[in-house]
>>> print(open('work-v3.cif').read())   # mmCIF, C-alpha atoms
data_model
loop_
_atom_site.label_atom_id
_atom_site.label_comp_id
_atom_site.auth_asym_id
_atom_site.auth_seq_id
_atom_site.Cartn_x
_atom_site.Cartn_y
_atom_site.Cartn_z
CA MET A 20 -54.20 -62.93 18.36
CA ALA A 21 -54.37 -61.38 14.88
CA GLU A 22 -51.20 -60.17 13.21
CA ALA A 23 -51.29 -57.23 10.82
CA LYS A 24 -49.02 -57.09 7.82
CA HIS A 25 -46.87 -53.99 7.65
CA ASP A 26 -48.13 -53.40 4.09
CA ASP A 27 -51.64 -53.02 5.48
CA ALA A 28 -50.70 -50.06 7.65
CA ARG A 29 -52.13 -46.66 6.89
CA ARG A 30 -49.73 -43.93 5.81
CA ALA A 31 -49.32 -40.79 7.92
CA LEU A 32 -47.26 -37.74 6.99
CA VAL A 33 -46.08 -35.47 9.81
CA LEU A 34 -44.84 -31.89 9.33
CA HIS A 35 -42.99 -30.85 12.46
CA ASP A 36 -39.48 -29.58 13.12
CA ARG A 37 -39.07 -31.16 16.57
CA PRO A 38 -37.90 -34.80 16.50
CA LEU A 39 -39.19 -35.31 20.04
CA VAL A 40 -42.76 -34.55 18.96
CA VAL A 41 -42.44 -36.59 15.77
CA ASP A 42 -41.28 -39.64 17.73
CA LEU A 43 -44.18 -39.30 20.16
CA ILE A 44 -46.67 -39.06 17.26
CA GLU A 45 -45.06 -42.07 15.60
CA LEU A 46 -45.32 -44.31 18.65
CA THR A 47 -48.90 -43.19 19.35
CA LEU A 48 -50.14 -43.79 15.80
CA ASN A 49 -48.76 -47.31 15.85
CA HIS A 50 -51.92 -48.13 17.82
CA GLY A 51 -53.86 -47.23 14.69
CA LEU A 52 -51.45 -49.21 12.50
CA PHE A 53 -50.10 -46.09 10.83
CA VAL A 54 -46.64 -46.01 9.34
CA VAL A 55 -45.17 -42.53 9.71
CA ARG A 56 -42.91 -40.44 7.49
CA ALA A 57 -41.85 -37.03 8.76
CA ALA A 58 -40.79 -33.76 7.17
CA THR A 59 -39.32 -30.65 8.76
CA THR A 60 -39.92 -28.37 5.74
CA LEU A 61 -42.32 -28.04 2.81
CA ALA A 62 -39.58 -29.20 0.44
CA GLU A 63 -39.12 -32.41 2.43
CA ALA A 64 -42.89 -32.96 2.54
CA GLU A 65 -43.18 -32.49 -1.23
CA ALA A 66 -40.36 -34.98 -1.78
CA ILE A 67 -42.32 -37.52 0.26
CA LEU A 68 -45.57 -36.72 -1.55
CA ALA A 69 -43.92 -37.30 -4.91
CA ASP A 70 -44.14 -41.07 -4.45
CA TRP A 71 -46.05 -41.64 -1.21
CA ARG A 72 -49.64 -40.54 -0.71
CA PRO A 73 -50.60 -40.18 2.96
CA GLN A 74 -53.99 -41.21 4.29
CA LEU A 75 -53.52 -38.81 7.20
CA THR A 76 -51.39 -35.71 7.66
CA VAL A 77 -50.47 -34.24 11.05
CA ILE A 78 -49.32 -30.64 10.68
CA ASP A 79 -47.76 -28.20 13.13
CA MET A 80 -49.93 -25.14 12.44
CA ASP A 81 -47.28 -22.89 14.01
CA HIS A 82 -44.79 -24.03 11.33
CA ASP A 83 -44.01 -21.48 8.61
CA ASP A 84 -44.85 -24.04 5.89
CA SER A 85 -48.16 -25.25 7.34
CA THR A 86 -50.37 -23.15 5.04
CA ALA A 87 -48.42 -24.09 1.93
CA LEU A 88 -48.60 -27.80 2.76
CA LEU A 89 -52.37 -27.64 3.32
CA GLU A 90 -52.74 -25.90 -0.05
CA ARG A 91 -50.60 -28.61 -1.66
CA LEU A 92 -52.70 -31.36 -0.09
CA GLY A 93 -55.92 -29.64 -1.14
CA ALA A 94 -54.73 -29.38 -4.75
CA THR A 95 -53.71 -33.04 -4.75
CA ASN A 96 -57.12 -34.05 -3.39
CA ASN A 97 -58.86 -32.09 -6.13
CA VAL A 98 -56.80 -33.67 -8.88
CA SER A 99 -57.11 -37.21 -7.57
CA ARG A 100 -60.71 -36.72 -6.36
CA SER A 101 -59.75 -38.32 -3.10
CA VAL A 102 -59.59 -37.15 0.50
CA SER A 103 -56.52 -37.08 2.72
CA PRO A 104 -57.59 -35.66 6.10
CA ALA A 105 -55.35 -33.41 8.16
CA ILE A 106 -55.01 -32.83 11.89
CA GLY A 107 -53.48 -29.56 13.04
CA LEU A 108 -51.33 -29.15 16.15
CA THR A 109 -50.92 -25.74 17.76
CA ARG A 110 -49.59 -24.17 20.93
CA ARG A 111 -52.15 -21.39 20.53
CA GLY A 112 -55.31 -22.39 22.31
CA ASP A 113 -57.37 -19.34 21.38
CA LEU A 114 -60.51 -19.68 19.27
CA LYS A 115 -59.23 -17.36 16.53
CA SER A 116 -56.19 -19.58 15.85
CA LYS A 117 -58.34 -22.70 15.78
CA LEU A 118 -60.91 -21.19 13.41
CA ARG A 119 -58.08 -20.04 11.15
CA ALA A 120 -56.75 -23.59 11.03
CA PHE A 121 -60.16 -24.92 10.00
CA GLU A 122 -60.39 -22.25 7.31
CA LEU A 123 -57.04 -23.42 5.95
CA GLY A 124 -58.35 -26.95 5.61
CA VAL A 125 -57.62 -29.05 8.70
CA ASP A 126 -60.27 -31.57 9.71
CA ASP A 127 -59.46 -31.36 13.41
CA ILE A 128 -57.06 -29.50 15.67
CA LEU A 129 -55.31 -30.33 18.93
CA THR A 130 -53.71 -27.91 21.35
CA MET A 131 -50.20 -28.86 22.42
CA PRO A 132 -49.18 -30.50 24.63
CA PHE A 133 -51.57 -33.32 23.69
CA SER A 134 -52.22 -36.68 25.31
CA PRO A 135 -51.34 -39.75 23.21
CA GLU A 136 -54.79 -41.28 23.56
CA GLU A 137 -56.51 -38.11 22.32
CA LEU A 138 -54.28 -37.87 19.24
CA LEU A 139 -54.92 -41.53 18.47
CA ALA A 140 -58.70 -41.24 18.88
CA ARG A 141 -58.92 -38.15 16.69
CA SER A 142 -56.70 -39.69 14.03
CA ILE A 143 -58.93 -42.75 13.83
CA VAL A 144 -62.09 -40.61 13.70
CA VAL A 145 -60.96 -38.21 10.95
CA SER A 146 -59.62 -41.12 8.87
CA ARG A 147 -62.89 -42.98 9.24
CA ARG A 148 -64.89 -39.86 8.39
CA ALA A 149 -62.81 -39.17 5.27
CA THR A 150 -62.65 -42.68 3.83
CA GLY A 151 -65.76 -44.33 5.20
CA SER A 152 -63.65 -47.34 6.16
CA ASP A 153 -63.31 -48.54 9.71
CA ARG A 154 -59.98 -49.28 11.37
CA ALA A 155 -60.03 -50.31 15.00
CA ILE A 156 -57.58 -49.02 17.56
CA VAL A 157 -54.98 -51.62 18.49
CA PRO A 158 -55.19 -51.15 22.25
CA THR A 159 -51.99 -52.96 23.22
CA ILE A 160 -48.56 -52.78 21.64
CA GLN A 161 -45.41 -54.58 22.70
CA LEU A 162 -42.28 -52.74 23.77
CA GLY A 163 -39.55 -55.10 24.89
CA GLU A 164 -41.02 -57.11 27.77
CA MET A 165 -43.69 -54.48 28.36
CA GLU A 166 -47.19 -54.22 26.87
CA LEU A 167 -48.67 -50.72 26.71
CA ASP A 168 -52.46 -50.46 26.70
CA ILE A 169 -53.35 -46.95 25.56
CA VAL A 170 -57.12 -47.34 25.95
CA ASN A 171 -57.16 -48.56 29.54
CA ARG A 172 -53.92 -46.77 30.58
CA GLN A 173 -52.37 -50.03 31.67
CA VAL A 174 -48.89 -51.49 31.51
CA ARG A 175 -48.35 -55.24 31.61
CA ALA A 176 -44.96 -56.73 32.40
CA GLY A 177 -44.97 -60.45 33.05
CA ASN A 178 -47.88 -61.21 35.38
CA SER A 179 -48.09 -57.65 36.70
CA VAL A 180 -50.68 -55.10 35.55
CA VAL A 181 -50.40 -51.48 36.65
CA HIS A 182 -52.74 -48.57 35.99
CA LEU A 183 -51.36 -45.17 34.99
CA SER A 184 -52.62 -41.63 35.38
CA GLY A 185 -52.92 -39.48 32.26
CA ILE A 186 -49.62 -37.73 32.96
CA GLU A 187 -47.87 -41.02 33.72
CA GLN A 188 -49.06 -42.48 30.42
CA SER A 189 -47.90 -39.38 28.50
CA LEU A 190 -44.55 -39.52 30.28
CA LEU A 191 -44.07 -43.21 29.51
CA TYR A 192 -44.96 -42.72 25.84
CA LEU A 193 -42.63 -39.75 25.56
CA LEU A 194 -39.68 -41.65 26.98
CA ALA A 195 -40.48 -44.83 25.04
CA SER A 196 -40.81 -42.98 21.74
CA ARG A 197 -37.20 -41.76 21.84
CA GLY A 198 -35.79 -45.18 21.11
CA GLY A 199 -33.30 -45.24 23.98
CA ARG A 200 -32.14 -41.64 23.57
CA VAL A 201 -31.94 -39.27 26.52
CA VAL A 202 -34.83 -36.88 27.17
CA SER A 203 -33.93 -33.86 29.29
CA ARG A 204 -36.10 -32.53 32.11
CA GLU A 205 -36.72 -29.36 30.06
CA GLU A 206 -37.90 -31.39 27.08
CA ILE A 207 -40.23 -33.41 29.31
CA LEU A 208 -41.68 -30.24 30.84
CA ASP A 209 -42.26 -28.70 27.41
CA ALA A 210 -43.79 -31.83 25.85
CA ILE A 211 -46.12 -32.78 28.71
CA TRP A 212 -46.91 -29.57 30.59
CA GLY A 213 -46.18 -26.92 27.93
CA VAL A 214 -43.83 -23.96 27.75
CA ASP A 215 -46.19 -21.67 29.66
CA PHE A 216 -46.54 -23.99 32.65
CA VAL A 217 -44.92 -22.67 35.80
CA ALA A 218 -43.73 -25.78 37.60
CA GLU A 219 -42.10 -26.51 40.89
CA SER A 220 -38.50 -27.54 40.39
CA ASN A 221 -38.97 -31.27 41.03
CA ILE A 222 -42.23 -31.98 39.19
CA VAL A 223 -40.55 -34.12 36.52
CA ASP A 224 -38.53 -36.12 39.04
CA ARG A 225 -41.65 -36.63 41.16
CA HIS A 226 -43.62 -38.11 38.27
CA ILE A 227 -40.67 -40.23 37.16
CA ARG A 228 -40.44 -41.57 40.73
CA SER A 229 -44.17 -42.36 40.77
CA LEU A 230 -43.94 -44.12 37.41
CA ARG A 231 -40.93 -46.14 38.55
CA ILE A 232 -42.76 -47.26 41.69
CA LYS A 233 -45.70 -48.51 39.63
CA LEU A 234 -43.38 -50.28 37.18
CA GLN A 235 -41.34 -51.73 40.08
CA ASN A 236 -38.33 -50.13 38.44
CA ASP A 237 -35.39 -49.76 40.84
CA TYR A 238 -33.37 -46.73 39.73
CA ARG A 239 -30.16 -48.47 40.84
CA HIS A 240 -30.86 -51.45 38.55
CA PRO A 241 -33.38 -50.08 36.03
CA ARG A 242 -35.42 -52.34 33.76
CA PHE A 243 -37.32 -49.60 31.98
CA ILE A 244 -36.26 -46.05 32.91
CA ALA A 245 -32.62 -45.12 33.49
CA THR A 246 -31.33 -41.85 34.94
CA VAL A 247 -28.53 -40.21 32.97
CA PRO A 248 -26.82 -37.93 35.54
CA GLY A 249 -26.80 -34.28 34.49
CA GLU A 250 -28.80 -35.00 31.32
CA GLY A 251 -32.21 -36.53 32.00
CA TYR A 252 -33.88 -39.90 31.56
CA ARG A 253 -33.67 -42.72 29.04
CA PHE A 254 -36.09 -45.52 28.26
CA ILE A 255 -34.30 -48.85 27.94
CA PRO A 256 -36.39 -50.92 25.46
CA THR A 257 -36.46 -49.29 22.02
CA PHE A 258 -39.29 -48.62 19.58
CA SER A 259 -39.18 -48.97 15.79
CA ASN A 260 -41.95 -47.97 13.39
CA THR A 261 -41.29 -51.14 11.37
CA GLY A 262 -42.66 -53.25 14.20
CA TRP A 263 -41.66 -54.38 17.63
CA ALA A 264 -38.26 -56.11 17.89
CA GLY A 265 -38.09 -56.32 14.10
CA ALA A 266 -41.40 -58.18 13.82
CA PRO A 267 -44.58 -57.02 12.06
CA ALA A 268 -46.88 -54.82 14.12
CA LYS A 269 -49.31 -56.90 16.18
CA ALA A 270 -53.02 -56.29 16.39
CA ILE A 271 -54.01 -57.46 19.85
CA PRO A 272 -57.74 -57.58 20.64
CA VAL A 273 -59.21 -55.70 23.58
CA ARG A 274 -59.15 -57.79 26.72
CA HIS A 275 -62.38 -57.61 28.68
#
>>> encode(input="work-v3.cif", output="structure tokens")
Amino acid sequence: MAEAKHDDARRALVLHDRPLVVDLIELTLNHGLFVVRAATTLAEAEAILADWRPQLTVIDMDHDDSTALLERLGATNNVSRSVSPAIGLTRRGDLKSKLRAFELGVDDILTMPFSPEELLARSIVVSRRATGSDRAIVPTIQLGEMELDIVNRQVRAGNSVVHLSGIEQSLLYLLASRGGRVVSREEILDAIWGVDFVAESNIVDRHIRSLRIKLQNDYRHPRFIATVPGEGYRFIPTFSNTGWAGAPAKAIPVRH
């Protein structure tokens, strides 16, 4: 098992004003050994850029400062004669909005809500395309007593291996990314199904129940997912971008 030094991690800047989305991006990009710094405004992004040059930028294209930040990154690239690729996120799935984003300078664009594995794959691809260097996906990361395998949509806990659906994986990553904080049903609906999705009233609870069954997680004595009455759900093990349980991030090879 190879162990990656934290100093070797790639740097990713995120412009987004929703902490829930930032946390999800942060956890997902850990599979690509990215260390994430986030900004909610152009001023915050420029303060980060003053002494920290990102190798990838993830930008909410619906943010008022998205155009200005892309212009700032473009100017920096011209001066330094380097390339810092950008991925745009948007809730607008129409072709006109996507073409506009490409005109502004993004290298790729994802419609929200996005799946963690798609964001990770695209981040790796645009980074590789921009720098010419190869960085493999770290398929499995440790979270408490649980190993999450983003490539094969598997969770390992002890000797048990369970396979997840796409929605179950997104749900698990969303809850895990919040570092033990409560995620409301409304936030889950918005992040996984989108604001325009018309859902039956119990769709979140149904998928939580399915995920708990697969994880053998008894809601009365939860190991992984706890119910907070009247508020939502909380993941019990916590995630930190500095590594799992205070240790350096681990690069675990694909298991065949």
>>> residues_around(input="work-v3.cif", residues="A:Pro135", least_positions_apart="2", cutoff="7 Å", atoms="all atoms listed in the file", output="number ranges by chain")
A: 47, 133, 137-139, 189
>>> atom_distance(input="work-v3.cif", atom1="atom CA of A:Leu123", atom2="atom CA of A:Met80")
9.8 Å
>>> closest_residue(input="work-v3.cif", among="A:Glu90, A:Glu45, A:Glu164, A:Asp209", to="A:Ile255", atoms="only C-alpha atoms")
A:Glu164
>>> closest_residue(input="work-v3.cif", among="A:Val170, A:Ile106, A:Ile186, A:Val55", to="A:Asp42", atoms="all atoms listed in the file")
A:Val55
>>> atom_distance(input="work-v3.cif", atom1="atom CA of A:Leu191", atom2="atom CA of A:Arg56")
22.2 Å
>>> closest_residue(input="work-v3.cif", among="A:Ala105, A:Ala62, A:Leu190, A:Leu167", to="A:Asn49", atoms="only C-alpha atoms")
A:Leu167
>>> atom_distance(input="work-v3.cif", atom1="atom CA of A:Gly112", atom2="atom CA of A:Ser134")
14.9 Å
>>> closest_residue(input="work-v3.cif", among="A:Val77, A:Leu114, A:Leu39, A:Leu88", to="A:Arg200", atoms="all atoms listed in the file")
A:Leu39
>>> closest_residue(input="work-v3.cif", among="A:Gly177, A:Pro132, A:Asp36, A:Gly124", to="A:Ala94", atoms="only C-alpha atoms")
A:Gly124
>>> closest_residue(input="work-v3.cif", among="A:Lys233, A:Arg29, A:Lys117, A:His50", to="A:Arg175", atoms="all atoms listed in the file")
A:Lys233
>>> closest_atom_pairs(input="work-v3.cif", of="stretch 72-120 of chain A", to="stretch 140-149 of chain A", cutoff="10 Å", atoms="all atoms listed in the file", output="JSON lines")
{"residue": "A:Gln74", "atom": "CA", "partner": "A:Ser146", "partner_atom": "CA", "distance": 7.3}
{"residue": "A:Leu75", "atom": "CA", "partner": "A:Ser146", "partner_atom": "CA", "distance": 6.7}
{"residue": "A:Thr76", "atom": "CA", "partner": "A:Ser142", "partner_atom": "CA", "distance": 9.2}
{"residue": "A:Val77", "atom": "CA", "partner": "A:Ser142", "partner_atom": "CA", "distance": 8.8}
{"residue": "A:Ser101", "atom": "CA", "partner": "A:Ala149", "partner_atom": "CA", "distance": 9.0}
{"residue": "A:Val102", "atom": "CA", "partner": "A:Ala149", "partner_atom": "CA", "distance": 6.1}
{"residue": "A:Ser103", "atom": "CA", "partner": "A:Ala149", "partner_atom": "CA", "distance": 7.1}
{"residue": "A:Pro104", "atom": "CA", "partner": "A:Ala149", "partner_atom": "CA", "distance": 6.3}
{"residue": "A:Ala105", "atom": "CA", "partner": "A:Val145", "partner_atom": "CA", "distance": 7.9}
{"residue": "A:Ile106", "atom": "CA", "partner": "A:Ser142", "partner_atom": "CA", "distance": 7.4}
>>> resolve_selection(input="work-v3.cif", expression="the PyMOL selection byres ((chain A and resi 232) around 12)", output="number ranges by chain")
A: 181-183, 187, 225-231, 233-238, 241-244
>>> residues_around(input="work-v3.cif", residues="A:Ala69", least_positions_apart="6", cutoff="12 Å", atoms="all atoms listed in the file", output="list in words")
Ala62, Glu63, Arg91, Leu92 and Thr95 of chain A
>>> write_last_selection(input="work-v3.cif", atoms="C-alpha atoms", output="mmCIF file, in the coordinates of the input")
data_model
loop_
_atom_site.group_PDB
_atom_site.id
_atom_site.type_symbol
_atom_site.label_atom_id
_atom_site.label_comp_id
_atom_site.auth_asym_id
_atom_site.auth_seq_id
_atom_site.Cartn_x
_atom_site.Cartn_y
_atom_site.Cartn_z
ATOM 1 C CA ALA A 62 -39.580 -29.200 0.440
ATOM 2 C CA GLU A 63 -39.120 -32.410 2.430
ATOM 3 C CA ARG A 91 -50.600 -28.610 -1.660
ATOM 4 C CA LEU A 92 -52.700 -31.360 -0.090
ATOM 5 C CA THR A 95 -53.710 -33.040 -4.750
#
>>> residues_near_point(input="work-v3.cif", point="(-53.8, -49.8, 23.6)", cutoff="7 Å", atoms="all atoms listed in the file", output="CSV table (one decimal) with C-alpha atoms, in the frame of the given file")
chain,number,residue,atom,x,y,z
A,50,HIS,CA,-51.9,-48.1,17.8
A,157,VAL,CA,-55.0,-51.6,18.5
A,158,PRO,CA,-55.2,-51.2,22.2
A,159,THR,CA,-52.0,-53.0,23.2
A,160,ILE,CA,-48.6,-52.8,21.6
A,167,LEU,CA,-48.7,-50.7,26.7
A,168,ASP,CA,-52.5,-50.5,26.7
A,169,ILE,CA,-53.4,-47.0,25.6
A,170,VAL,CA,-57.1,-47.3,26.0
A,171,ASN,CA,-57.2,-48.6,29.5
>>> residues_around(input="work-v3.cif", residues="A:Gly251", least_positions_apart="3", cutoff="12 Å", atoms="all atoms listed in the file", output="JSON list (two decimals) with C-alpha atoms, in the coordinates of the input")
[["chain", "number", "residue", "atom", "x", "y", "z"],
["A", 194, "LEU", "CA", -39.68, -41.65, 26.98],
["A", 199, "GLY", "CA", -33.30, -45.24, 23.98],
["A", 200, "ARG", "CA", -32.14, -41.64, 23.57],
["A", 201, "VAL", "CA", -31.94, -39.27, 26.52],
["A", 202, "VAL", "CA", -34.83, -36.88, 27.17],
["A", 203, "SER", "CA", -33.93, -33.86, 29.29],
["A", 204, "ARG", "CA", -36.10, -32.53, 32.11],
["A", 205, "GLU", "CA", -36.72, -29.36, 30.06],
["A", 206, "GLU", "CA", -37.90, -31.39, 27.08],
["A", 207, "ILE", "CA", -40.23, -33.41, 29.31],
["A", 208, "LEU", "CA", -41.68, -30.24, 30.84],
["A", 223, "VAL", "CA", -40.55, -34.12, 36.52],
["A", 224, "ASP", "CA", -38.53, -36.12, 39.04],
["A", 227, "ILE", "CA", -40.67, -40.23, 37.16],
["A", 244, "ILE", "CA", -36.26, -46.05, 32.91],
["A", 245, "ALA", "CA", -32.62, -45.12, 33.49],
["A", 246, "THR", "CA", -31.33, -41.85, 34.94],
["A", 247, "VAL", "CA", -28.53, -40.21, 32.97],
["A", 248, "PRO", "CA", -26.82, -37.93, 35.54],
["A", 254, "PHE", "CA", -36.09, -45.52, 28.26]]
>>> residues_around(input="work-v3.cif", residues="A:Thr59", least_positions_apart="3", cutoff="10 Å", atoms="only C-alpha atoms", output="list in words")
Val33, Leu34, His35, Asp36, Arg37, Pro38, Val41, Ala62, Glu63, Ala64, Asp79, His82 and Asp84 of chain A
>>> write_last_selection(input="work-v3.cif", atoms="C-alpha atoms", output="PDB file, in the frame of the given file")
ATOM      1  CA  VAL A  33     -46.080 -35.470   9.810  1.00  0.00           C
ATOM      2  CA  LEU A  34     -44.840 -31.890   9.330  1.00  0.00           C
ATOM      3  CA  HIS A  35     -42.990 -30.850  12.460  1.00  0.00           C
ATOM      4  CA  ASP A  36     -39.480 -29.580  13.120  1.00  0.00           C
ATOM      5  CA  ARG A  37     -39.070 -31.160  16.570  1.00  0.00           C
ATOM      6  CA  PRO A  38     -37.900 -34.800  16.500  1.00  0.00           C
ATOM      7  CA  VAL A  41     -42.440 -36.590  15.770  1.00  0.00           C
ATOM      8  CA  ALA A  62     -39.580 -29.200   0.440  1.00  0.00           C
ATOM      9  CA  GLU A  63     -39.120 -32.410   2.430  1.00  0.00           C
ATOM     10  CA  ALA A  64     -42.890 -32.960   2.540  1.00  0.00           C
ATOM     11  CA  ASP A  79     -47.760 -28.200  13.130  1.00  0.00           C
ATOM     12  CA  HIS A  82     -44.790 -24.030  11.330  1.00  0.00           C
ATOM     13  CA  ASP A  84     -44.850 -24.040   5.890  1.00  0.00           C
TER      14      ASP A  84
END
>>> axis_aligned_box(input="work-v3.cif", around="stretch 223-234 of chain A", padding_each_side="8 Å", output="AutoDock Vina command-line options")
--center_x -42.1 --center_y -42.2 --center_z 39.1 --size_x 23.2 --size_y 32.2 --size_z 21.2
>>> build_atoms(input="work-v3.cif", residues="stretch 158-177 of chain A", atoms="N, CA and C atoms", output="mmCIF file, keeping the file's coordinate frame")
data_model
loop_
_atom_site.group_PDB
_atom_site.id
_atom_site.type_symbol
_atom_site.label_atom_id
_atom_site.label_comp_id
_atom_site.auth_asym_id
_atom_site.auth_seq_id
_atom_site.Cartn_x
_atom_site.Cartn_y
_atom_site.Cartn_z
ATOM 1 N N PRO A 158 -55.365 -51.707 20.901
ATOM 2 C CA PRO A 158 -55.190 -51.150 22.250
ATOM 3 C C PRO A 158 -53.815 -51.404 22.845
ATOM 4 N N THR A 159 -53.231 -52.574 22.557
ATOM 5 C CA THR A 159 -51.990 -52.960 23.220
ATOM 6 C C THR A 159 -50.884 -53.175 22.221
ATOM 7 N N ILE A 160 -49.740 -52.553 22.463
ATOM 8 C CA ILE A 160 -48.560 -52.780 21.640
ATOM 9 C C ILE A 160 -47.412 -53.223 22.538
ATOM 10 N N GLN A 161 -46.511 -53.981 21.956
ATOM 11 C CA GLN A 161 -45.410 -54.580 22.700
ATOM 12 C C GLN A 161 -44.164 -53.703 22.607
ATOM 13 N N LEU A 162 -43.515 -53.518 23.730
ATOM 14 C CA LEU A 162 -42.280 -52.740 23.770
ATOM 15 C C LEU A 162 -41.312 -53.480 24.686
ATOM 16 N N GLY A 163 -40.407 -54.255 24.084
ATOM 17 C CA GLY A 163 -39.550 -55.100 24.890
ATOM 18 C C GLY A 163 -40.399 -56.098 25.646
ATOM 19 N N GLU A 164 -40.219 -56.183 26.959
ATOM 20 C CA GLU A 164 -41.020 -57.110 27.770
ATOM 21 C C GLU A 164 -42.279 -56.441 28.302
ATOM 22 N N MET A 165 -42.565 -55.253 27.847
ATOM 23 C CA MET A 165 -43.690 -54.480 28.360
ATOM 24 C C MET A 165 -44.780 -54.351 27.299
ATOM 25 N N GLU A 166 -46.041 -54.487 27.731
ATOM 26 C CA GLU A 166 -47.190 -54.220 26.870
ATOM 27 C C GLU A 166 -47.836 -52.919 27.329
ATOM 28 N N LEU A 167 -48.046 -52.001 26.393
ATOM 29 C CA LEU A 167 -48.670 -50.720 26.710
ATOM 30 C C LEU A 167 -50.095 -50.728 26.177
ATOM 31 N N ASP A 168 -51.038 -50.508 27.054
ATOM 32 C CA ASP A 168 -52.460 -50.460 26.700
ATOM 33 C C ASP A 168 -52.908 -49.011 26.775
ATOM 34 N N ILE A 169 -53.052 -48.383 25.607
ATOM 35 C CA ILE A 169 -53.350 -46.950 25.560
ATOM 36 C C ILE A 169 -54.785 -46.648 25.947
ATOM 37 N N VAL A 170 -55.705 -47.577 25.682
ATOM 38 C CA VAL A 170 -57.120 -47.340 25.950
ATOM 39 C C VAL A 170 -57.405 -47.363 27.449
ATOM 40 N N ASN A 171 -56.882 -48.390 28.120
ATOM 41 C CA ASN A 171 -57.160 -48.560 29.540
ATOM 42 C C ASN A 171 -56.074 -47.981 30.446
ATOM 43 N N ARG A 172 -55.056 -47.340 29.827
ATOM 44 C CA ARG A 172 -53.920 -46.770 30.580
ATOM 45 C C ARG A 172 -53.310 -47.808 31.506
ATOM 46 N N GLN A 173 -52.959 -48.935 30.903
ATOM 47 C CA GLN A 173 -52.370 -50.030 31.670
ATOM 48 C C GLN A 173 -51.020 -50.402 31.078
ATOM 49 N N VAL A 174 -50.163 -50.909 31.928
ATOM 50 C CA VAL A 174 -48.890 -51.490 31.510
ATOM 51 C C VAL A 174 -48.844 -52.906 32.060
ATOM 52 N N ARG A 175 -48.507 -53.854 31.189
ATOM 53 C CA ARG A 175 -48.350 -55.240 31.610
ATOM 54 C C ARG A 175 -46.902 -55.643 31.426
ATOM 55 N N ALA A 176 -46.315 -56.193 32.480
ATOM 56 C CA ALA A 176 -44.960 -56.730 32.400
ATOM 57 C C ALA A 176 -44.976 -58.048 33.158
ATOM 58 N N GLY A 177 -44.844 -59.150 32.422
ATOM 59 C CA GLY A 177 -44.970 -60.450 33.050
ATOM 60 C C GLY A 177 -46.396 -60.651 33.535
#
